[in-house]
Amino acid sequence: MKQRKYTSDEKLAVVLEMLKGQKPVSQICKKNGIRDSLAYRFRDEALDGIKSGLSGSQKRGTLGAEAEKDRLLKIIGQQAIVIDFQKKISQELSL
């Protein structure tokens with residue numbers, strides 16, 4: 001059986017309703033057609049995201065991604081120069 005993919009908005013709605021504490025989790029899950037364990041997983045993921053956002057680890061990850069992007073662009077540039085050089089050589093040899 002194929003698992004259903006939940007959007008971030010759907011997950012957020014469940015988590016916010018849980019955090020309000022006005023209804024039992026079982027009632028929230030029944031309303032949304034999910035199991036209690038899935039609702040708690042949504043909650044745990046949301047809290048982990050909040051925790052990592054507050055610790056600043058996402059910013060460090062973004063900097064790492066930028067450095068990786070720059071590194072790959074440099075490699076692409078070097079390869080483009082090599083390809084252009086090889087094209088020029090092959091054109092001269094075919095004359």
# chains A, B, ... in the order shown; residues from 1 in each chain; ligands from 1
>>> residues_around(residues="range 5-16 of chain A", least_positions_apart="4", cutoff="12 Å", atoms="only C-alpha atoms", output="PyMOL selection string")
chain A and resi 20-36+38-47+49
>>> write_last_selection(atoms="N, CA and C atoms", output="mmCIF file, in the first residue's frame")
data_model
loop_
_atom_site.group_PDB
_atom_site.id
_atom_site.type_symbol
_atom_site.label_atom_id
_atom_site.label_comp_id
_atom_site.auth_asym_id
_atom_site.auth_seq_id
_atom_site.Cartn_x
_atom_site.Cartn_y
_atom_site.Cartn_z
ATOM 1 N N LYS A 20 -1.853 23.536 20.967
ATOM 2 C CA LYS A 20 -2.874 24.346 21.643
ATOM 3 C C LYS A 20 -3.405 23.621 22.870
ATOM 4 N N GLY A 21 -3.484 22.304 22.771
ATOM 5 C CA GLY A 21 -3.918 21.500 23.903
ATOM 6 C C GLY A 21 -5.399 21.580 24.218
ATOM 7 N N GLN A 22 -6.210 22.070 23.298
ATOM 8 C CA GLN A 22 -7.645 22.205 23.545
ATOM 9 C C GLN A 22 -8.410 20.921 23.264
ATOM 10 N N LYS A 23 -7.831 20.023 22.454
ATOM 11 C CA LYS A 23 -8.488 18.760 22.113
ATOM 12 C C LYS A 23 -7.514 17.623 22.375
ATOM 13 N N PRO A 24 -8.028 16.458 22.663
ATOM 14 C CA PRO A 24 -7.150 15.292 22.815
ATOM 15 C C PRO A 24 -6.503 14.945 21.468
ATOM 16 N N VAL A 25 -5.315 14.401 21.525
ATOM 17 C CA VAL A 25 -4.595 14.044 20.307
ATOM 18 C C VAL A 25 -5.396 13.039 19.486
ATOM 19 N N SER A 26 -6.037 12.118 20.150
ATOM 20 C CA SER A 26 -6.825 11.110 19.429
ATOM 21 C C SER A 26 -7.938 11.761 18.603
ATOM 22 N N GLN A 27 -8.538 12.803 19.121
ATOM 23 C CA GLN A 27 -9.592 13.510 18.397
ATOM 24 C C GLN A 27 -9.015 14.262 17.189
ATOM 25 N N ILE A 28 -7.871 14.876 17.363
ATOM 26 C CA ILE A 28 -7.204 15.586 16.271
ATOM 27 C C ILE A 28 -6.842 14.601 15.162
ATOM 28 N N CYS A 29 -6.334 13.436 15.564
ATOM 29 C CA CYS A 29 -5.935 12.430 14.585
ATOM 30 C C CYS A 29 -7.139 11.879 13.828
ATOM 31 N N LYS A 30 -8.216 11.644 14.541
ATOM 32 C CA LYS A 30 -9.426 11.130 13.895
ATOM 33 C C LYS A 30 -9.941 12.143 12.871
ATOM 34 N N LYS A 31 -9.928 13.410 13.244
ATOM 35 C CA LYS A 31 -10.389 14.475 12.349
ATOM 36 C C LYS A 31 -9.544 14.539 11.080
ATOM 37 N N ASN A 32 -8.221 14.314 11.223
ATOM 38 C CA ASN A 32 -7.304 14.415 10.095
ATOM 39 C C ASN A 32 -7.029 13.076 9.412
ATOM 40 N N GLY A 33 -7.598 12.013 9.938
ATOM 41 C CA GLY A 33 -7.437 10.695 9.327
ATOM 42 C C GLY A 33 -6.028 10.135 9.411
ATOM 43 N N ILE A 34 -5.378 10.367 10.552
ATOM 44 C CA ILE A 34 -4.012 9.862 10.742
ATOM 45 C C ILE A 34 -3.921 9.113 12.062
ATOM 46 N N ARG A 35 -2.860 8.354 12.216
ATOM 47 C CA ARG A 35 -2.615 7.635 13.470
ATOM 48 C C ARG A 35 -1.959 8.577 14.481
ATOM 49 N N ASP A 36 -2.125 8.228 15.743
ATOM 50 C CA ASP A 36 -1.513 9.023 16.807
ATOM 51 C C ASP A 36 0.005 9.086 16.636
ATOM 52 N N LEU A 38 1.791 9.030 13.998
ATOM 53 C CA LEU A 38 2.177 9.952 12.932
ATOM 54 C C LEU A 38 2.082 11.400 13.408
ATOM 55 N N ALA A 39 1.057 11.702 14.173
ATOM 56 C CA ALA A 39 0.905 13.055 14.712
ATOM 57 C C ALA A 39 2.077 13.396 15.630
ATOM 58 N N TYR A 40 2.480 12.438 16.453
ATOM 59 C CA TYR A 40 3.617 12.671 17.342
ATOM 60 C C TYR A 40 4.918 12.805 16.547
ATOM 61 N N ARG A 41 5.021 12.082 15.437
ATOM 62 C CA ARG A 41 6.202 12.219 14.580
ATOM 63 C C ARG A 41 6.243 13.618 13.958
ATOM 64 N N PHE A 42 5.075 14.102 13.495
ATOM 65 C CA PHE A 42 4.994 15.473 12.971
ATOM 66 C C PHE A 42 5.456 16.469 14.028
ATOM 67 N N ARG A 43 4.972 16.272 15.253
ATOM 68 C CA ARG A 43 5.330 17.177 16.348
ATOM 69 C C ARG A 43 6.829 17.156 16.620
ATOM 70 N N ASP A 44 7.395 15.963 16.668
ATOM 71 C CA ASP A 44 8.827 15.831 16.941
ATOM 72 C C ASP A 44 9.670 16.474 15.838
ATOM 73 N N GLU A 45 9.265 16.292 14.581
ATOM 74 C CA GLU A 45 9.981 16.907 13.463
ATOM 75 C C GLU A 45 9.908 18.433 13.551
ATOM 76 N N ALA A 46 8.730 18.934 13.908
ATOM 77 C CA ALA A 46 8.562 20.384 14.024
ATOM 78 C C ALA A 46 9.434 20.939 15.144
ATOM 79 N N LEU A 47 9.465 20.267 16.265
ATOM 80 C CA LEU A 47 10.274 20.728 17.391
ATOM 81 C C LEU A 47 11.770 20.646 17.064
ATOM 82 N N GLY A 49 13.018 21.005 14.080
ATOM 83 C CA GLY A 49 13.250 22.112 13.163
ATOM 84 C C GLY A 49 13.367 23.434 13.898
#
>>> select_by_dssp(residues="chain A", states="helix (DSSP H, G or I)", output="ChimeraX atom specification")
/A:8-20,25-32,36-55,57-94
